[in-house]
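Shown below: start38.pdb, with PDB, C-alpha atoms and all ligand atoms.
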ATOM      1  CA  MET A   1     147.004  99.439  98.233
ATOM      2  CA  ALA A   2     148.923  98.618 101.425
ATOM      3  CA  ALA A   3     147.650 100.043 104.702
ATOM      4  CA  ILE A   4     149.810 102.757 106.223
ATOM      5  CA  SER A   5     152.090 101.747 109.078
ATOM      6  CA  ILE A   6     151.963 103.905 112.217
ATOM      7  CA  SER A   7     154.037 102.903 115.255
ATOM      8  CA  GLU A   8     153.822 103.881 118.951
ATOM      9  CA  ASN A   9     156.453 106.580 118.365
ATOM     10  CA  ASP A  10     154.708 108.235 115.431
ATOM     11  CA  ARG A  11     152.810 111.523 115.574
ATOM     12  CA  VAL A  12     150.348 112.053 112.728
ATOM     13  CA  LEU A  13     149.417 115.426 111.239
ATOM     14  CA  VAL A  14     146.531 115.434 108.747
ATOM     15  CA  LEU A  15     145.756 118.288 106.335
ATOM     16  CA  THR A  16     142.412 118.148 104.538
ATOM     17  CA  GLY A  17     140.925 120.166 101.678
ATOM     18  CA  ALA A  18     137.667 120.455  99.767
ATOM     19  CA  GLY A  19     138.094 117.016  98.123
ATOM     20  CA  ILE A  20     137.329 115.205 101.397
ATOM     21  CA  SER A  21     133.852 116.791 101.485
ATOM     22  CA  ALA A  22     133.104 116.240  97.768
ATOM     23  CA  GLU A  23     131.459 112.842  98.397
ATOM     24  CA  SER A  24     129.271 114.533 101.016
ATOM     25  CA  GLY A  25     127.872 116.691  98.210
ATOM     26  CA  LEU A  26     129.829 119.906  98.848
ATOM     27  CA  ALA A  27     131.427 121.532  95.794
ATOM     28  CA  THR A  28     135.217 121.859  95.622
ATOM     29  CA  PHE A  29     136.760 125.135  94.439
ATOM     30  CA  ARG A  30     138.818 124.313  91.392
ATOM     31  CA  ASP A  31     136.705 121.386  90.083
ATOM     32  CA  SER A  32     133.600 123.544  89.767
ATOM     33  CA  ASP A  33     135.396 125.911  87.325
ATOM     34  CA  GLY A  34     135.996 128.186  90.298
ATOM     35  CA  LEU A  35     132.559 129.679  89.725
ATOM     36  CA  TRP A  36     129.559 130.352  91.938
ATOM     37  CA  ALA A  37     126.346 131.642  90.304
ATOM     38  CA  GLY A  38     128.498 133.003  87.454
ATOM     39  CA  HIS A  39     130.909 134.859  89.747
ATOM     40  CA  ALA A  40     134.619 133.997  89.945
ATOM     41  CA  ILE A  41     135.507 132.671  93.419
ATOM     42  CA  GLU A  42     137.970 135.580  93.720
ATOM     43  CA  ASP A  43     134.975 137.922  93.373
ATOM     44  CA  VAL A  44     133.378 136.556  96.539
ATOM     45  CA  CYS A  45     136.344 135.283  98.620
ATOM     46  CA  THR A  46     138.359 138.487  99.101
ATOM     47  CA  PRO A  47     138.285 141.562 101.337
ATOM     48  CA  GLU A  48     137.890 143.625  98.131
ATOM     49  CA  ALA A  49     134.706 141.713  97.279
ATOM     50  CA  TRP A  50     133.380 142.475 100.770
ATOM     51  CA  GLU A  51     134.122 146.179 100.299
ATOM     52  CA  ARG A  52     132.515 146.183  96.848
ATOM     53  CA  ASP A  53     129.394 144.082  97.430
ATOM     54  CA  PRO A  54     128.917 142.654 100.960
ATOM     55  CA  GLU A  55     125.358 141.551 100.120
ATOM     56  CA  LEU A  56     126.690 139.270  97.334
ATOM     57  CA  VAL A  57     129.333 137.902  99.711
ATOM     58  CA  TRP A  58     126.658 137.103 102.325
ATOM     59  CA  GLN A  59     124.461 135.456  99.641
ATOM     60  CA  PHE A  60     127.430 133.220  98.703
ATOM     61  CA  TYR A  61     128.110 132.205 102.312
ATOM     62  CA  SER A  62     124.383 131.814 103.053
ATOM     63  CA  ALA A  63     124.113 129.322 100.160
ATOM     64  CA  ARG A  64     127.205 127.524 101.487
ATOM     65  CA  ARG A  65     125.633 127.402 104.989
ATOM     66  CA  GLU A  66     122.459 125.847 103.547
ATOM     67  CA  ALA A  67     124.414 123.184 101.641
ATOM     68  CA  ALA A  68     126.686 122.366 104.597
ATOM     69  CA  ALA A  69     123.773 122.132 107.047
ATOM     70  CA  GLU A  70     122.305 119.319 104.900
ATOM     71  CA  ALA A  71     125.608 117.499 104.368
ATOM     72  CA  ARG A  72     126.634 114.398 106.296
ATOM     73  CA  PRO A  73     130.182 113.118 106.912
ATOM     74  CA  ASN A  74     131.396 110.401 104.551
ATOM     75  CA  PRO A  75     133.665 107.380 105.253
ATOM     76  CA  ALA A  76     136.803 109.552 104.852
ATOM     77  CA  HIS A  77     135.744 111.939 107.658
ATOM     78  CA  ARG A  78     134.823 108.939 109.801
ATOM     79  CA  ALA A  79     138.160 107.170 109.129
ATOM     80  CA  LEU A  80     140.034 110.232 110.442
ATOM     81  CA  ALA A  81     137.838 110.432 113.566
ATOM     82  CA  GLU A  82     138.506 106.732 114.151
ATOM     83  CA  LEU A  83     142.276 107.283 113.695
ATOM     84  CA  GLU A  84     142.113 110.088 116.286
ATOM     85  CA  SER A  85     140.334 107.802 118.734
ATOM     86  CA  ARG A  86     143.195 105.292 118.367
ATOM     87  CA  LEU A  87     146.105 107.776 118.524
ATOM     88  CA  GLY A  88     144.771 110.360 120.996
ATOM     89  CA  ASP A  89     147.300 113.177 121.499
ATOM     90  CA  ARG A  90     149.554 111.772 118.780
ATOM     91  CA  PHE A  91     146.955 112.940 116.218
ATOM     92  CA  PHE A  92     146.251 116.459 114.958
ATOM     93  CA  LEU A  93     143.995 117.610 112.127
ATOM     94  CA  CYS A  94     144.346 120.863 110.239
ATOM     95  CA  THR A  95     141.523 121.486 107.793
ATOM     96  CA  GLN A  96     141.288 124.169 105.127
ATOM     97  CA  ASN A  97     137.559 123.439 104.977
ATOM     98  CA  VAL A  98     135.015 125.737 106.560
ATOM     99  CA  ASP A  99     132.283 123.066 106.807
ATOM    100  CA  ASP A 100     131.753 121.147 110.070
ATOM    101  CA  LEU A 101     131.855 117.601 108.693
ATOM    102  CA  HIS A 102     134.981 116.637 110.661
ATOM    103  CA  GLU A 103     133.221 117.647 113.902
ATOM    104  CA  LYS A 104     130.039 115.838 112.820
ATOM    105  CA  ALA A 105     132.172 112.689 112.297
ATOM    106  CA  GLY A 106     133.619 113.013 115.817
ATOM    107  CA  SER A 107     136.995 114.737 115.277
ATOM    108  CA  ARG A 108     138.036 116.922 118.236
ATOM    109  CA  ARG A 109     141.756 117.703 117.897
ATOM    110  CA  LEU A 110     141.398 120.016 114.913
ATOM    111  CA  VAL A 111     141.816 123.570 113.681
ATOM    112  CA  HIS A 112     140.014 125.318 110.820
ATOM    113  CA  MET A 113     142.833 127.393 109.331
ATOM    114  CA  HIS A 114     140.526 129.151 106.817
ATOM    115  CA  GLY A 115     137.724 129.817 109.303
ATOM    116  CA  GLU A 116     134.281 128.317 109.942
ATOM    117  CA  LEU A 117     131.065 128.612 107.980
ATOM    118  CA  PHE A 118     128.788 128.639 111.045
ATOM    119  CA  VAL A 119     130.595 131.492 112.805
ATOM    120  CA  SER A 120     130.411 135.267 112.198
ATOM    121  CA  ARG A 121     132.512 138.142 113.480
ATOM    122  CA  CYS A 122     132.623 141.931 113.525
ATOM    123  CA  SER A 123     133.685 143.407 110.177
ATOM    124  CA  ALA A 124     135.368 146.315 112.000
ATOM    125  CA  GLU A 125     137.691 143.953 113.959
ATOM    126  CA  CYS A 126     136.632 145.718 117.189
ATOM    127  CA  GLY A 127     138.049 142.931 119.344
ATOM    128  CA  ARG A 128     134.824 141.154 120.261
ATOM    129  CA  ALA A 129     134.992 137.362 119.925
ATOM    130  CA  PRO A 130     133.483 135.560 116.897
ATOM    131  CA  VAL A 131     129.990 134.141 117.543
ATOM    132  CA  ALA A 132     128.149 130.987 116.449
ATOM    133  CA  ASP A 133     125.765 131.871 113.590
ATOM    134  CA  ASP A 134     123.881 129.515 111.270
ATOM    135  CA  ALA A 135     121.505 132.125 109.834
ATOM    136  CA  VAL A 136     121.101 132.821 106.111
ATOM    137  CA  TYR A 137     120.934 136.417 104.915
ATOM    138  CA  ALA A 138     119.255 137.160 101.585
ATOM    139  CA  ALA A 139     119.515 140.947 101.924
ATOM    140  CA  TRP A 140     122.074 143.326 103.446
ATOM    141  CA  SER A 141     119.389 144.845 105.706
ATOM    142  CA  GLU A 142     119.019 141.435 107.443
ATOM    143  CA  VAL A 143     122.702 141.199 108.409
ATOM    144  CA  PRO A 144     123.028 141.817 112.168
ATOM    145  CA  ARG A 145     125.313 144.417 113.699
ATOM    146  CA  CYS A 146     128.023 143.887 116.283
ATOM    147  CA  ALA A 147     127.610 145.696 119.626
ATOM    148  CA  CYS A 148     130.048 148.304 118.225
ATOM    149  CA  GLY A 149     127.620 149.109 115.385
ATOM    150  CA  ALA A 150     129.526 147.526 112.469
ATOM    151  CA  ARG A 151     127.923 144.754 110.407
ATOM    152  CA  MET A 152     128.876 141.145 111.028
ATOM    153  CA  ARG A 153     130.909 139.270 108.369
ATOM    154  CA  PRO A 154     131.553 135.554 107.832
ATOM    155  CA  HIS A 155     134.393 134.183 110.027
ATOM    156  CA  ILE A 156     136.317 133.116 106.916
ATOM    157  CA  VAL A 157     139.939 133.696 105.873
ATOM    158  CA  TRP A 158     139.887 135.386 102.480
ATOM    159  CA  PHE A 159     142.821 135.819 100.084
ATOM    160  CA  GLY A 160     145.320 138.262 101.534
ATOM    161  CA  GLU A 161     144.180 137.617 105.135
ATOM    162  CA  THR A 162     146.238 135.717 107.701
ATOM    163  CA  PRO A 163     145.198 132.074 108.230
ATOM    164  CA  LEU A 164     144.164 131.113 111.777
ATOM    165  CA  GLU A 165     146.136 129.150 114.409
ATOM    166  CA  MET A 166     149.419 129.344 112.459
ATOM    167  CA  GLU A 167     151.594 128.968 115.579
ATOM    168  CA  ARG A 168     149.810 125.834 116.716
ATOM    169  CA  ILE A 169     149.986 124.386 113.189
ATOM    170  CA  GLY A 170     153.720 125.182 112.920
ATOM    171  CA  ASP A 171     154.301 123.375 116.199
ATOM    172  CA  GLN A 172     152.407 120.295 114.937
ATOM    173  CA  ILE A 173     154.365 120.311 111.639
ATOM    174  CA  ARG A 174     157.675 120.292 113.517
ATOM    175  CA  ARG A 175     156.578 117.384 115.738
ATOM    176  CA  ALA A 176     154.908 115.197 113.065
ATOM    177  CA  THR A 177     156.610 112.000 111.896
ATOM    178  CA  VAL A 178     153.796 111.211 109.445
ATOM    179  CA  MET A 179     151.885 113.813 107.435
ATOM    180  CA  LEU A 180     148.749 112.716 105.621
ATOM    181  CA  VAL A 181     147.199 115.166 103.128
ATOM    182  CA  VAL A 182     143.720 114.549 101.699
ATOM    183  CA  GLY A 183     141.790 116.155  98.814
ATOM    184  CA  THR A 184     143.560 119.471  98.286
ATOM    185  CA  SER A 185     144.968 120.786  95.008
ATOM    186  CA  GLY A 186     148.115 122.250  96.617
ATOM    187  CA  SER A 187     147.435 125.605  94.980
ATOM    188  CA  VAL A 188     146.717 127.823  98.000
ATOM    189  CA  TYR A 189     149.461 129.004 100.376
ATOM    190  CA  PRO A 190     150.606 128.737 103.105
ATOM    191  CA  ALA A 191     148.802 125.335 103.361
ATOM    192  CA  ALA A 192     150.454 124.087 100.146
ATOM    193  CA  ASN A 193     153.846 124.521 101.797
ATOM    194  CA  PHE A 194     153.103 122.509 104.971
ATOM    195  CA  VAL A 195     154.085 119.200 103.336
ATOM    196  CA  ARG A 196     157.504 120.573 102.300
ATOM    197  CA  LEU A 197     158.135 121.752 105.860
ATOM    198  CA  ALA A 198     157.088 118.388 107.314
ATOM    199  CA  ARG A 199     159.265 116.513 104.796
ATOM    200  CA  GLN A 200     162.255 118.742 105.591
ATOM    201  CA  ALA A 201     161.703 117.935 109.283
ATOM    202  CA  GLY A 202     161.927 114.220 108.412
ATOM    203  CA  ALA A 203     158.266 113.169 108.200
ATOM    204  CA  ARG A 204     156.850 110.531 105.868
ATOM    205  CA  THR A 205     154.361 112.361 103.638
ATOM    206  CA  VAL A 206     151.339 110.696 102.023
ATOM    207  CA  TYR A 207     148.747 112.254  99.664
ATOM    208  CA  VAL A 208     145.264 110.814  99.056
ATOM    209  CA  GLY A 209     143.066 112.368  96.362
ATOM    210  CA  LEU A 210     141.531 112.102  92.923
ATOM    211  CA  GLU A 211     144.514 113.537  91.048
ATOM    212  CA  ALA A 212     148.129 114.458  91.796
ATOM    213  CA  PRO A 213     148.300 117.857  93.549
ATOM    214  CA  LEU A 214     150.529 120.723  92.327
ATOM    215  CA  ASN A 215     152.989 119.981  95.163
ATOM    216  CA  ALA A 216     153.107 116.209  94.421
ATOM    217  CA  ALA A 217     156.938 116.186  94.380
ATOM    218  CA  ALA A 218     156.986 116.789  98.154
ATOM    219  CA  PHE A 219     155.189 113.500  98.942
ATOM    220  CA  SER A 220     156.846 110.155  99.726
ATOM    221  CA  GLN A 221     153.663 108.438  98.476
ATOM    222  CA  VAL A 222     150.706 109.592  96.325
ATOM    223  CA  VAL A 223     147.538 107.457  96.475
ATOM    224  CA  LEU A 224     145.066 108.321  93.708
ATOM    225  CA  GLY A 225     141.378 107.659  94.343
ATOM    226  CA  LYS A 226     138.276 109.005  96.008
ATOM    227  CA  ALA A 227     138.921 109.815  99.650
ATOM    228  CA  GLY A 228     135.783 107.967 100.802
ATOM    229  CA  ALA A 229     137.164 104.665  99.477
ATOM    230  CA  ALA A 230     140.953 105.144  99.581
ATOM    231  CA  LEU A 231     141.312 106.615 103.074
ATOM    232  CA  PRO A 232     139.456 103.882 105.043
ATOM    233  CA  GLU A 233     141.552 101.328 103.120
ATOM    234  CA  LEU A 234     144.820 103.141 103.860
ATOM    235  CA  LEU A 235     143.941 103.424 107.566
ATOM    236  CA  ALA A 236     142.573  99.888 107.972
ATOM    237  CA  GLY A 237     144.216  96.933 109.626
ATOM    238  CA  ASP A 238     146.493  96.357 112.548
ATOM    239  CA  SER A 239     149.555  98.258 111.268
ATOM    240  CA  ILE A 240     148.422 101.276 113.319
ATOM    241  CA  ARG A 241     149.481 101.399 116.987
TER     242      ARG A 241
HETATM  243  C1  LIG B 301     139.014 114.773  95.653
HETATM  244  C2  LIG B 301     137.713 114.296  95.522
HETATM  245  C3  LIG B 301     137.374 113.114  96.214
HETATM  246  C4  LIG B 301     137.902 116.133  94.365
HETATM  247  N1  LIG B 301     138.297 112.503  96.964
HETATM  248  N2  LIG B 301     139.904 114.141  96.391
HETATM  249  C5  LIG B 301     151.691 133.865  94.838
HETATM  250  C6  LIG B 301     152.469 132.789  95.243
HETATM  251  C7  LIG B 301     152.275 132.178  96.475
HETATM  252  C8  LIG B 301     151.279 132.630  97.335
HETATM  253  C9  LIG B 301     150.503 133.693  96.929
HETATM  254  C10 LIG B 301     150.715 134.317  95.713
HETATM  255  N3  LIG B 301     149.809 135.316  95.587
HETATM  256  C11 LIG B 301     149.049 135.340  96.692
HETATM  257  C12 LIG B 301     149.461 134.354  97.528
HETATM  258  C13 LIG B 301     148.892 133.991  98.846
HETATM  259  C14 LIG B 301     147.498 133.413  98.714
HETATM  260  C15 LIG B 301     147.519 132.252  97.725
HETATM  261  O1  LIG B 301     147.873 131.137  98.052
HETATM  262  N4  LIG B 301     147.092 132.477  96.493
HETATM  263  C16 LIG B 301     147.131 131.432  95.465
HETATM  264  C17 LIG B 301     145.862 131.478  94.648
HETATM  265  C18 LIG B 301     148.416 131.561  94.681
HETATM  266  N5  LIG B 301     147.125 132.952 100.035
HETATM  267  C19 LIG B 301     146.554 133.750 100.912
HETATM  268  O2  LIG B 301     146.238 134.899 100.633
HETATM  269  C20 LIG B 301     146.364 133.205 102.305
HETATM  270  N6  LIG B 301     146.904 134.108 103.263
HETATM  271  C21 LIG B 301     148.214 134.352 103.325
HETATM  272  O3  LIG B 301     149.030 133.840 102.579
HETATM  273  O4  LIG B 301     148.557 135.241 104.325
HETATM  274  C22 LIG B 301     149.944 135.528 104.500
HETATM  275  C23 LIG B 301     150.487 134.702 105.631
HETATM  276  C24 LIG B 301     151.041 133.463 105.347
HETATM  277  C25 LIG B 301     151.555 132.684 106.399
HETATM  278  C26 LIG B 301     151.492 133.140 107.681
HETATM  279  C27 LIG B 301     150.903 134.371 107.950
HETATM  280  C28 LIG B 301     150.411 135.142 106.915
HETATM  281  C29 LIG B 301     144.887 133.033 102.625
HETATM  282  C30 LIG B 301     144.255 131.960 101.807
HETATM  283  C31 LIG B 301     142.744 131.932 102.049
HETATM  284  C32 LIG B 301     142.068 130.862 101.216
HETATM  285  N7  LIG B 301     140.677 131.058 101.288
HETATM  286  C33 LIG B 301     139.808 130.114 100.558
HETATM  287  C34 LIG B 301     138.335 130.623 100.600
HETATM  288  C35 LIG B 301     137.811 130.780 101.973
HETATM  289  C36 LIG B 301     137.144 129.557 102.514
HETATM  290  C37 LIG B 301     135.793 129.274 101.884
HETATM  291  O5  LIG B 301     135.061 130.181 101.474
HETATM  292  O6  LIG B 301     135.446 128.080 101.840
HETATM  293  O7  LIG B 301     139.942 128.795 101.106
HETATM  294  S1  LIG B 301     140.234 129.908  98.854
HETATM  295  C38 LIG B 301     139.823 128.208  98.770
HETATM  296  O8  LIG B 301     141.031 127.476  98.436
HETATM  297  C39 LIG B 301     139.416 127.791 100.188
HETATM  298  C40 LIG B 301     140.143 126.478 100.332
HETATM  299  O9  LIG B 301     140.323 126.164 101.704
HETATM  300  C41 LIG B 301     141.433 126.706  99.588
HETATM  301  C42 LIG B 301     142.118 125.444  99.139
HETATM  302  O10 LIG B 301     141.329 124.741  98.223
HETATM  303  P1  LIG B 301     141.367 123.155  98.203
HETATM  304  O11 LIG B 301     140.828 122.629  99.468
HETATM  305  O12 LIG B 301     142.713 122.702  97.806
HETATM  306  O13 LIG B 301     140.282 122.840  97.067
HETATM  307  P2  LIG B 301     140.476 122.630  95.499
HETATM  308  O14 LIG B 301     139.137 122.749  94.878
HETATM  309  O15 LIG B 301     141.548 123.498  94.961
HETATM  310  O16 LIG B 301     141.011 121.140  95.342
HETATM  311  C43 LIG B 301     140.195 120.029  95.642
HETATM  312  C44 LIG B 301     141.000 118.770  95.385
HETATM  313  O17 LIG B 301     140.213 117.657  95.776
HETATM  314  C45 LIG B 301     141.354 118.563  93.906
HETATM  315  O18 LIG B 301     142.730 118.288  93.801
HETATM  316  C46 LIG B 301     140.527 117.352  93.491
HETATM  317  O19 LIG B 301     141.221 116.493  92.596
HETATM  318  C47 LIG B 301     140.320 116.651  94.795
HETATM  319  N8  LIG B 301     139.075 115.843  94.875
HETATM  320  N9  LIG B 301     136.985 115.088  94.656
HETATM  321  C48 LIG B 301     139.522 112.997  96.999
HETATM  322  N10 LIG B 301     136.093 112.521  96.122
HETATM  323 ZN    ZN B 302     132.448 145.194 116.533
END
Kindly transcribe the structure held in the file into structure tokens.
Amino acid sequence: MAAISISENDRVLVLTGAGISAESGLATFRDSDGLWAGHAIEDVCTPEAWERDPELVWQFYSARREAAAEARPNPAHRALAELESRLGDRFFLCTQNVDDLHEKAGSRRLVHMHGELFVSRCSAECGRAPVADDAVYAAWSEVPRCACGARMRPHIVWFGETPLEMERIGDQIRRATVMLVVGTSGSVYPAANFVRLARQAGARTVYVGLEAPLNAAAFSQVVLGKAGAALPELLAGDSIR
């Protein structure tokens, strides 16, 4: 596989999904049959699930917090942090992942469009800012309350909710000349549409992942392989300026 060529005039936008964290031991969504402890992901990742059984939702995110706290970044996370250190402001990372492995690898210019695992916020949307929270809650009675009295919920974007930082992401899509997408099935919107928008705006679009995503037709190049091996290879060498 040839290394990617990035010139002084290029701006690189990266979109990552669950596949980049798979080699760090974190389960992806669609590869694990979309199940957690026998529950469909849709039964724990929606506002309706929260209304129906908030204790189950907190048990799901508590288990995810425990797994993510143990996880370490892999060579794919590190290759992106290294690319950022070379490109500076010409680099931007948008992750759909709620784990903190990009930060642990050293990435700084990034947004978590689907929220963050180690942050909680008021379930009544009272206007108070989200807060750092790495606690695990086995029972509903343990879940802390906001100053307004409502219980706290995970700071996660569920189906039907608006993804975070959309304006900033839209701006980066318009300015990107290269869009690199890693380890995402292309099945969840609006993220699955970002590559089409970047392509329409003239960007080169490259996918790296185990299998072709649903939106494969929108890529100029599809590189099949594990992110931990393929990404460092793609980003190696002196063709990046
Ligand atoms: C490897 C690998 C290795 C494995 N190396 N690769 C009908 C049509 C179109 C849209 C809709 C529709 N009906 C409803 C919608 C909208 C809906 C949606 O997209 N639904 C679809 C199911 C159809 N979207 C929403 O509701 C979103 N909000 C929204 O649209 O608001 C309106 C709005 C839009 C625009 C502006 C303003 C407002 C919200 C979506 C929220 C998604 N939330 C989740 C869960 C929360 C986070 C969490 O708990 O972790 O986010 S769902 C889940 O899917 C999670 C992920 O971030 C997201 C994407 O999954 P991802 O990352 O692609 O993972 P997988 O498992 O699918 O794929 C992994 C890939 O890795 C695979 O391809 C493997 O091959 C690969 N792989 N090992 C490289 N070692
Ligand atoms: Zn509140």
Pull out every residue that the PyMOL selection byres (((chain A and resi 112) around 8) and not hetatm) matches in the shown coordinates and put them as a short mmCIF file (atom, residue, chain, number, x, y, z; two decimals) with C-alpha atoms, in the coordinates of the input.
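Final output, saved to out_10.cif:
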data_model
loop_
_atom_site.label_atom_id
_atom_site.label_comp_id
_atom_site.auth_asym_id
_atom_site.auth_seq_id
_atom_site.Cartn_x
_atom_site.Cartn_y
_atom_site.Cartn_z
CA CYS A 94 144.35 120.86 110.24
CA THR A 95 141.52 121.49 107.79
CA GLN A 96 141.29 124.17 105.13
CA ASN A 97 137.56 123.44 104.98
CA VAL A 98 135.01 125.74 106.56
CA LEU A 110 141.40 120.02 114.91
CA VAL A 111 141.82 123.57 113.68
CA MET A 113 142.83 127.39 109.33
CA HIS A 114 140.53 129.15 106.82
CA GLY A 115 137.72 129.82 109.30
CA GLU A 116 134.28 128.32 109.94
CA LEU A 164 144.16 131.11 111.78
#
Apply the PyMOL selection byres (((chain A and resi 238-240) around 10) and not hetatm) to the structure shown and report the selected residues as a list in words.
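Given this file, the PyMOL selection byres (((chain A and resi 238-240) around 10) and not hetatm) evaluates to Ala2, Ala3, Ile4, Ser5, Ile6, Ser7, Glu8, Asp10, Leu83, Arg86, Leu87, Leu235, Ala236, Gly237 and Arg241 of chain A.
Using the PyMOL selection byres (((chain A and resi 121-130) around 9) and not hetatm) on this structure selects A:Val119, A:Ser120, A:Val131, A:Ala132, A:Arg145, A:Cys146, A:Ala147, A:Cys148, A:Gly149, A:Ala150, A:Arg151, A:Met152, A:Arg153, A:Pro154, A:His155.
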Check: Using only C-alpha atoms and all ligand atoms, which protein or nucleic acid residues are at most 6 Å from ligand LIG 301 (chain B), as a PyMOL selection string?
Finding: chain A and resi 17-20+22-23+28-31+45+96-98+114+156-163+183-190+209-211+213+226-227
Checklist entry - A:Leu15, A:Asp171, A:Asp53, A:Pro144: which is nearest ligand ZN 302 (chain B), counting all atoms listed in the file? => result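 The shortest atom-to-atom distance to ligand ZN 302 (chain B) comes from A:Pro144.
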**Message:** Taking 4 positions as the minimum chain separation for residues in the same chain, which residues sit within 7 Å of Phe92 (chain A) when counting all atoms listed in the file? Answer as a PyMOL selection string.
**Reply:** chain A and resi 12-14+109-110
Separating atom ZN of ligand ZN 302 (chain B) from CA of Val143 (chain A), to the nearest tenth of an Å, is a gap of 13.3 Å
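Of note, CA of Arg90 (chain A) and CA of Ser24 (chain A) are spaced 27.1 Å apart.
Between Val181 (chain A) and the residues A:Glu70, A:Thr16, A:Asp133, A:Gln221, the shortest atom-to-atom distance, using all atoms listed in the file, involves A:Thr16.
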At a cut-off of 12 Å from (126.9, 116.9, 102.1) in the coordinates of the file, what residues are picked up using all atoms listed in the file, written as a list of chain:residue names?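 Answer for this query, in the requested form: A:Ala18, A:Gly19, A:Ile20, A:Ser21, A:Ala22, A:Glu23, A:Ser24, A:Gly25, A:Leu26, A:Ala27, A:Thr28, A:Arg64, A:Arg65, A:Glu66, A:Ala67, A:Ala68, A:Ala69, A:Glu70, A:Ala71, A:Arg72, A:Pro73, A:Asn74, A:His77, A:Asp99, A:Asp100, A:Leu101, A:His102, A:Lys104.
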Contacts of region 198-200 of chain A within 9 Å, all atoms listed in the file, excl. fewer than 6 positions in-chain, as a ChimeraX atom specification: /A:173-179,218-220
